[in-house]
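Dumped my_file_8.cif below, it's mmCIF, N, CA and C atoms:
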```
data_model
#
loop_
_atom_site.label_atom_id
_atom_site.label_comp_id
_atom_site.auth_asym_id
_atom_site.auth_seq_id
_atom_site.Cartn_x
_atom_site.Cartn_y
_atom_site.Cartn_z
N MET Y 1 45.70 207.98 -174.70
CA MET Y 1 46.04 208.94 -175.73
C MET Y 1 47.08 208.32 -176.65
N LYS Y 2 46.89 208.53 -177.93
CA LYS Y 2 47.82 208.00 -178.93
C LYS Y 2 48.89 209.07 -179.20
N VAL Y 3 50.15 208.66 -179.22
CA VAL Y 3 51.25 209.58 -179.50
C VAL Y 3 51.92 209.14 -180.79
N PHE Y 4 51.93 210.03 -181.78
CA PHE Y 4 52.59 209.76 -183.06
C PHE Y 4 53.91 210.51 -183.08
N ILE Y 5 55.00 209.81 -183.36
CA ILE Y 5 56.32 210.45 -183.38
C ILE Y 5 56.93 210.28 -184.76
N GLN Y 6 57.36 211.40 -185.35
CA GLN Y 6 58.02 211.36 -186.65
C GLN Y 6 59.38 212.03 -186.53
N SER Y 7 60.41 211.33 -186.97
CA SER Y 7 61.73 211.94 -187.01
C SER Y 7 62.08 212.17 -188.48
N VAL Y 8 62.40 213.41 -188.81
CA VAL Y 8 62.66 213.80 -190.19
C VAL Y 8 64.17 213.80 -190.45
N ASN Y 9 64.58 213.12 -191.48
CA ASN Y 9 65.99 213.05 -191.93
C ASN Y 9 66.93 212.29 -190.99
N PHE Y 10 66.40 211.56 -190.04
CA PHE Y 10 67.24 210.71 -189.18
C PHE Y 10 66.34 209.69 -188.50
N ASN Y 11 66.96 208.66 -187.92
CA ASN Y 11 66.20 207.65 -187.17
C ASN Y 11 66.42 207.86 -185.68
N ALA Y 12 65.34 208.12 -184.97
CA ALA Y 12 65.44 208.33 -183.52
C ALA Y 12 65.63 206.97 -182.84
N ASP Y 13 66.48 206.93 -181.83
CA ASP Y 13 66.69 205.65 -181.14
C ASP Y 13 65.56 205.39 -180.15
N SER Y 14 65.45 204.15 -179.73
CA SER Y 14 64.29 203.73 -178.92
C SER Y 14 64.25 204.43 -177.56
N SER Y 15 65.40 204.78 -176.99
CA SER Y 15 65.38 205.46 -175.69
C SER Y 15 64.78 206.87 -175.82
N LEU Y 16 65.08 207.54 -176.94
CA LEU Y 16 64.51 208.87 -177.18
C LEU Y 16 63.00 208.75 -177.39
N LEU Y 17 62.57 207.76 -178.16
CA LEU Y 17 61.15 207.55 -178.41
C LEU Y 17 60.40 207.26 -177.11
N LYS Y 18 60.99 206.44 -176.24
CA LYS Y 18 60.38 206.11 -174.95
C LYS Y 18 60.27 207.36 -174.08
N TYR Y 19 61.33 208.17 -174.06
CA TYR Y 19 61.35 209.42 -173.28
C TYR Y 19 60.21 210.33 -173.74
N ILE Y 20 60.08 210.50 -175.06
CA ILE Y 20 59.05 211.38 -175.61
C ILE Y 20 57.66 210.85 -175.25
N GLU Y 21 57.47 209.56 -175.45
CA GLU Y 21 56.18 208.91 -175.15
C GLU Y 21 55.79 209.16 -173.69
N ASP Y 22 56.73 208.93 -172.76
CA ASP Y 22 56.45 209.11 -171.33
C ASP Y 22 56.10 210.56 -171.00
N LYS Y 23 56.89 211.50 -171.53
CA LYS Y 23 56.68 212.92 -171.25
C LYS Y 23 55.32 213.38 -171.77
N VAL Y 24 55.01 213.00 -173.01
CA VAL Y 24 53.77 213.45 -173.63
C VAL Y 24 52.56 212.78 -172.97
N GLN Y 25 52.68 211.50 -172.60
CA GLN Y 25 51.58 210.81 -171.91
C GLN Y 25 51.25 211.50 -170.58
N GLY Y 26 52.26 212.09 -169.96
CA GLY Y 26 52.07 212.79 -168.69
C GLY Y 26 51.13 213.98 -168.81
N LEU Y 27 50.95 214.50 -170.01
CA LEU Y 27 50.07 215.65 -170.21
C LEU Y 27 48.60 215.28 -169.97
N ALA Y 28 48.28 214.00 -170.03
CA ALA Y 28 46.90 213.55 -169.82
C ALA Y 28 46.38 213.94 -168.42
N LYS Y 29 47.29 214.16 -167.47
CA LYS Y 29 46.89 214.56 -166.12
C LYS Y 29 46.29 215.96 -166.10
N PHE Y 30 46.66 216.78 -167.11
CA PHE Y 30 46.26 218.18 -167.10
C PHE Y 30 45.01 218.46 -167.92
N HIS Y 31 44.64 217.53 -168.78
CA HIS Y 31 43.43 217.70 -169.59
C HIS Y 31 42.92 216.30 -169.93
N ASP Y 32 41.68 216.02 -169.57
CA ASP Y 32 41.17 214.65 -169.74
C ASP Y 32 40.59 214.37 -171.13
N LYS Y 33 40.55 215.37 -171.99
CA LYS Y 33 39.94 215.17 -173.30
C LYS Y 33 40.96 215.26 -174.46
N ILE Y 34 42.21 214.96 -174.19
CA ILE Y 34 43.22 214.99 -175.26
C ILE Y 34 42.93 213.84 -176.22
N ILE Y 35 42.82 214.17 -177.50
CA ILE Y 35 42.52 213.16 -178.51
C ILE Y 35 43.80 212.40 -178.87
N ASP Y 36 44.81 213.14 -179.31
CA ASP Y 36 46.10 212.53 -179.61
C ASP Y 36 47.20 213.58 -179.62
N ALA Y 37 48.41 213.13 -179.79
CA ALA Y 37 49.56 214.03 -179.82
C ALA Y 37 50.46 213.63 -180.99
N GLU Y 38 51.00 214.64 -181.67
CA GLU Y 38 51.95 214.40 -182.75
C GLU Y 38 53.25 215.09 -182.38
N VAL Y 39 54.35 214.37 -182.52
CA VAL Y 39 55.66 214.93 -182.22
C VAL Y 39 56.52 214.84 -183.47
N PHE Y 40 57.10 215.96 -183.86
CA PHE Y 40 57.99 216.00 -185.03
C PHE Y 40 59.39 216.37 -184.56
N LEU Y 41 60.36 215.59 -184.95
CA LEU Y 41 61.76 215.86 -184.61
C LEU Y 41 62.52 216.13 -185.90
N LYS Y 42 63.21 217.27 -185.95
CA LYS Y 42 63.95 217.61 -187.16
C LYS Y 42 65.35 218.07 -186.77
N VAL Y 43 66.31 217.78 -187.61
CA VAL Y 43 67.67 218.27 -187.42
C VAL Y 43 67.96 219.24 -188.55
N GLN Y 44 68.31 220.48 -188.19
CA GLN Y 44 68.65 221.48 -189.19
C GLN Y 44 70.13 221.37 -189.52
N ASN Y 45 70.46 221.51 -190.78
CA ASN Y 45 71.86 221.48 -191.18
C ASN Y 45 72.47 222.88 -191.09
N THR Y 46 72.75 223.29 -189.87
CA THR Y 46 73.38 224.59 -189.65
C THR Y 46 74.59 224.40 -188.75
N SER Y 47 75.40 225.43 -188.65
CA SER Y 47 76.57 225.35 -187.77
C SER Y 47 76.19 225.66 -186.32
N ASP Y 48 74.95 226.11 -186.09
CA ASP Y 48 74.48 226.38 -184.73
C ASP Y 48 74.47 225.10 -183.91
N LYS Y 49 74.75 225.24 -182.62
CA LYS Y 49 74.63 224.08 -181.73
C LYS Y 49 73.16 223.75 -181.49
N GLU Y 50 72.32 224.79 -181.51
CA GLU Y 50 70.88 224.59 -181.29
C GLU Y 50 70.21 224.29 -182.63
N ASN Y 51 70.45 223.08 -183.14
CA ASN Y 51 69.93 222.73 -184.46
C ASN Y 51 68.87 221.63 -184.41
N LYS Y 52 68.41 221.29 -183.20
CA LYS Y 52 67.39 220.25 -183.05
C LYS Y 52 66.03 220.92 -182.86
N ILE Y 53 65.10 220.64 -183.74
CA ILE Y 53 63.77 221.22 -183.64
C ILE Y 53 62.79 220.16 -183.16
N SER Y 54 62.13 220.45 -182.07
CA SER Y 54 61.11 219.56 -181.50
C SER Y 54 59.78 220.28 -181.59
N GLU Y 55 58.82 219.65 -182.24
CA GLU Y 55 57.50 220.25 -182.38
C GLU Y 55 56.47 219.27 -181.82
N ILE Y 56 55.62 219.77 -180.92
CA ILE Y 56 54.60 218.91 -180.32
C ILE Y 56 53.24 219.54 -180.62
N LYS Y 57 52.34 218.72 -181.14
CA LYS Y 57 50.98 219.19 -181.44
C LYS Y 57 50.00 218.31 -180.66
N ILE Y 58 49.18 218.94 -179.84
CA ILE Y 58 48.20 218.23 -179.04
C ILE Y 58 46.81 218.57 -179.59
N ASN Y 59 46.04 217.55 -179.91
CA ASN Y 59 44.67 217.76 -180.39
C ASN Y 59 43.69 217.56 -179.25
N ILE Y 60 42.92 218.62 -178.97
CA ILE Y 60 41.84 218.54 -177.98
C ILE Y 60 40.56 218.97 -178.70
N PRO Y 61 39.40 218.58 -178.20
CA PRO Y 61 38.17 218.95 -178.89
C PRO Y 61 38.07 220.47 -179.11
N GLY Y 62 37.87 220.87 -180.35
CA GLY Y 62 37.70 222.29 -180.66
C GLY Y 62 38.98 223.06 -180.89
N SER Y 63 40.13 222.47 -180.66
CA SER Y 63 41.36 223.21 -180.92
C SER Y 63 42.58 222.31 -180.91
N GLU Y 64 43.70 222.88 -181.31
CA GLU Y 64 44.96 222.15 -181.21
C GLU Y 64 46.01 223.09 -180.64
N LEU Y 65 46.87 222.54 -179.82
CA LEU Y 65 47.93 223.31 -179.18
C LEU Y 65 49.25 222.88 -179.80
N ILE Y 66 50.05 223.87 -180.21
CA ILE Y 66 51.31 223.55 -180.87
C ILE Y 66 52.45 224.29 -180.17
N VAL Y 67 53.53 223.55 -179.94
CA VAL Y 67 54.74 224.14 -179.36
C VAL Y 67 55.91 223.71 -180.23
N LYS Y 68 56.77 224.68 -180.56
CA LYS Y 68 57.94 224.37 -181.37
C LYS Y 68 59.17 224.94 -180.66
N LYS Y 69 60.15 224.10 -180.41
CA LYS Y 69 61.36 224.52 -179.69
C LYS Y 69 62.61 224.15 -180.47
N GLU Y 70 63.58 225.05 -180.47
CA GLU Y 70 64.87 224.79 -181.11
C GLU Y 70 65.93 224.74 -180.01
N THR Y 71 66.53 223.57 -179.82
CA THR Y 71 67.45 223.37 -178.70
C THR Y 71 68.66 222.53 -179.12
N LYS Y 72 69.57 222.31 -178.15
CA LYS Y 72 70.78 221.51 -178.41
C LYS Y 72 70.48 220.03 -178.45
N SER Y 73 69.45 219.60 -177.69
CA SER Y 73 69.10 218.17 -177.69
C SER Y 73 67.59 218.03 -177.76
N PHE Y 74 67.14 216.90 -178.29
CA PHE Y 74 65.70 216.66 -178.39
C PHE Y 74 65.07 216.53 -177.00
N GLU Y 75 65.81 215.91 -176.07
CA GLU Y 75 65.29 215.75 -174.71
C GLU Y 75 64.96 217.11 -174.10
N GLU Y 76 65.89 218.06 -174.27
CA GLU Y 76 65.69 219.40 -173.73
C GLU Y 76 64.48 220.06 -174.39
N GLY Y 77 64.38 219.94 -175.71
CA GLY Y 77 63.27 220.53 -176.46
C GLY Y 77 61.93 219.95 -176.04
N ILE Y 78 61.88 218.63 -175.87
CA ILE Y 78 60.64 217.97 -175.47
C ILE Y 78 60.26 218.39 -174.05
N SER Y 79 61.24 218.45 -173.17
CA SER Y 79 60.98 218.82 -171.78
C SER Y 79 60.41 220.25 -171.69
N ILE Y 80 61.03 221.20 -172.38
CA ILE Y 80 60.57 222.58 -172.38
C ILE Y 80 59.19 222.67 -173.04
N GLY Y 81 59.02 221.94 -174.14
CA GLY Y 81 57.76 221.94 -174.87
C GLY Y 81 56.61 221.39 -174.03
N VAL Y 82 56.86 220.30 -173.32
CA VAL Y 82 55.83 219.68 -172.48
C VAL Y 82 55.44 220.63 -171.34
N ASP Y 83 56.43 221.32 -170.75
CA ASP Y 83 56.13 222.29 -169.68
C ASP Y 83 55.23 223.40 -170.22
N SER Y 84 55.53 223.87 -171.41
CA SER Y 84 54.75 224.91 -172.05
C SER Y 84 53.33 224.43 -172.34
N LEU Y 85 53.22 223.19 -172.80
CA LEU Y 85 51.90 222.62 -173.09
C LEU Y 85 51.07 222.42 -171.83
N LYS Y 86 51.74 222.11 -170.70
CA LYS Y 86 51.02 221.97 -169.43
C LYS Y 86 50.28 223.27 -169.12
N ARG Y 87 50.99 224.39 -169.27
CA ARG Y 87 50.37 225.69 -169.01
C ARG Y 87 49.20 225.94 -169.96
N GLN Y 88 49.41 225.64 -171.25
CA GLN Y 88 48.35 225.84 -172.24
C GLN Y 88 47.13 224.96 -171.95
N LEU Y 89 47.37 223.71 -171.56
CA LEU Y 89 46.27 222.80 -171.27
C LEU Y 89 45.48 223.26 -170.04
N LYS Y 90 46.20 223.74 -169.01
CA LYS Y 90 45.52 224.24 -167.81
C LYS Y 90 44.64 225.43 -168.18
N LYS Y 91 45.20 226.34 -168.98
CA LYS Y 91 44.47 227.53 -169.40
C LYS Y 91 43.23 227.14 -170.22
N SER Y 92 43.41 226.19 -171.12
CA SER Y 92 42.32 225.72 -171.97
C SER Y 92 41.21 225.10 -171.12
N LYS Y 93 41.60 224.32 -170.12
CA LYS Y 93 40.62 223.65 -169.26
C LYS Y 93 39.87 224.69 -168.40
N GLU Y 94 40.58 225.73 -167.93
CA GLU Y 94 39.94 226.78 -167.15
C GLU Y 94 38.91 227.52 -168.01
N LYS Y 95 39.27 227.81 -169.28
CA LYS Y 95 38.34 228.46 -170.19
C LYS Y 95 37.10 227.60 -170.38
N LEU Y 96 37.33 226.30 -170.52
CA LEU Y 96 36.23 225.36 -170.72
C LEU Y 96 35.31 225.36 -169.50
N ARG Y 97 35.91 225.33 -168.31
CA ARG Y 97 35.13 225.35 -167.08
C ARG Y 97 34.35 226.66 -166.96
N GLY Y 98 35.02 227.76 -167.31
CA GLY Y 98 34.39 229.08 -167.24
C GLY Y 98 33.18 229.19 -168.14
N SER Y 99 33.28 228.65 -169.35
CA SER Y 99 32.16 228.73 -170.29
C SER Y 99 31.03 227.78 -169.88
N LEU Y 100 31.35 226.71 -169.16
CA LEU Y 100 30.31 225.78 -168.73
C LEU Y 100 29.52 226.31 -167.52
N SER Y 101 30.17 227.16 -166.71
CA SER Y 101 29.51 227.62 -165.49
C SER Y 101 28.58 228.80 -165.73
N ILE Y 102 28.56 229.31 -166.95
CA ILE Y 102 27.70 230.48 -167.25
C ILE Y 102 26.25 230.06 -167.37
#
```

Since I need it in another form, could you write the structure as structure tokens?
Amino acid sequence: MKVFIQSVNFNADSSLLKYIEDKVQGLAKFHDKIIDAEVFLKVQNTSDKENKISEIKINIPGSELIVKKETKSFEEGISIGVDSLKRQLKKSKEKLRGSLSI
């Protein structure tokens, strides 16, 4: 699976990029037909501590799954987002299995 990472208005360091790549690649265990993943990292200019926006988009045949999280750190946002996507991928795969067994 190809993972595209874009950081908006800042340069993400290599350790963050590696962390994201590893986490997102782990989603392949939950759905075998993932085409690719796009990750967008944005920093909002607000006084809030939770100003880091992590958005993950997973493309699977026939649909795309999107998760957007606003957190204190990108690592936290990616971790929560990946957990959420695991549930969505499992649900999507069950639907696929259900429609095939009819």

**OP:** Taking the file as shown, find all residues satisfying the PyMOL selection byres ((chain Y and resi 81) around 8) and write them as an MDAnalysis selection string.
**Re:** chainID Y and resid 54:56 66:69 75:80 82:87

Original post:
Where does the PyMOL selection byres ((chain Y and resi 72) around 6) land in this file, that is, which residues does it pick, as a list in words?
Top reply: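 What the PyMOL selection byres ((chain Y and resi 72) around 6) grabs from the file is Lys49, Glu50, Asn51, Lys52, Glu70, Thr71, Ser73 and Phe74 of chain Y.
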
**OP:** Rank Y:Ala37, Y:Ser92, Y:Lys2, Y:Gln44 by their smallest atom-to-atom distance to Lys57 in chain Y, using only C-alpha atoms, and report the top residue only.
**Re:**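 The answer is Y:Ala37, which sits nearest to Lys57 in chain Y.
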
**OP:** Mind listing the helix (DSSP H, G or I) residues of chain Y, per DSSP on the backbone, as a VMD selection string?
**Re:** chain Y and resid 14 to 29 74 to 100

**OP:** Would you kindly translate the PyMOL selection byres (((chain Y and resi 26-29 and name CA) around 10) and name CA) into the concrete residues it picks from this file, as a PyMOL selection string?
**Re:** chain Y and resi 1+20-25+30-37+58+82-83+85-86+89-90

**OP:** To one decimal in Å, tell me the separation between atom N of Phe4 in chain Y and CA of Lys95 in chain Y.
**Re:**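 Here the two named atoms are 25.7 Å from each other.
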
Original post:
What is the atom C of Val43 in chain Y-CA of Tyr19 in chain Y distance in Å, reported with one decimal?
Top reply: 19.3 Å

Original post:
Between atom N of Lys93 in chain Y and atom C of Ile60 in chain Y, what is the spacing in Å?
Top reply: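 Taking atom C of Ile60 in chain Y and atom N of Lys93 in chain Y, their separation equals 10.2 Å.
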
What box, with edges along x, y and z, holds each listed atom of range 15-18 of chain Y when 4 Å is added on every side, and can you state its centre and edge lengths in Å to one decimal, as JSON?
```
{"center_x": 62.8, "center_y": 206.8, "center_z": -176.2, "size_x": 13.1, "size_y": 12.1, "size_z": 12.3}
```

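Of the listed residues Y:Gln88, Y:Asn9, Y:Ser14, Y:Ser99, the one whose atoms come nearest to Asn45 in chain Y is Y:Asn9, with distances taken using only C-alpha atoms.
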
**OP:** Could you find all residues in chain Y that DSSP calls strand (DSSP E) from the backbone, and write them as a PyMOL selection string?
**Re:** chain Y and resi 2-8+36-43+52-60+63-71
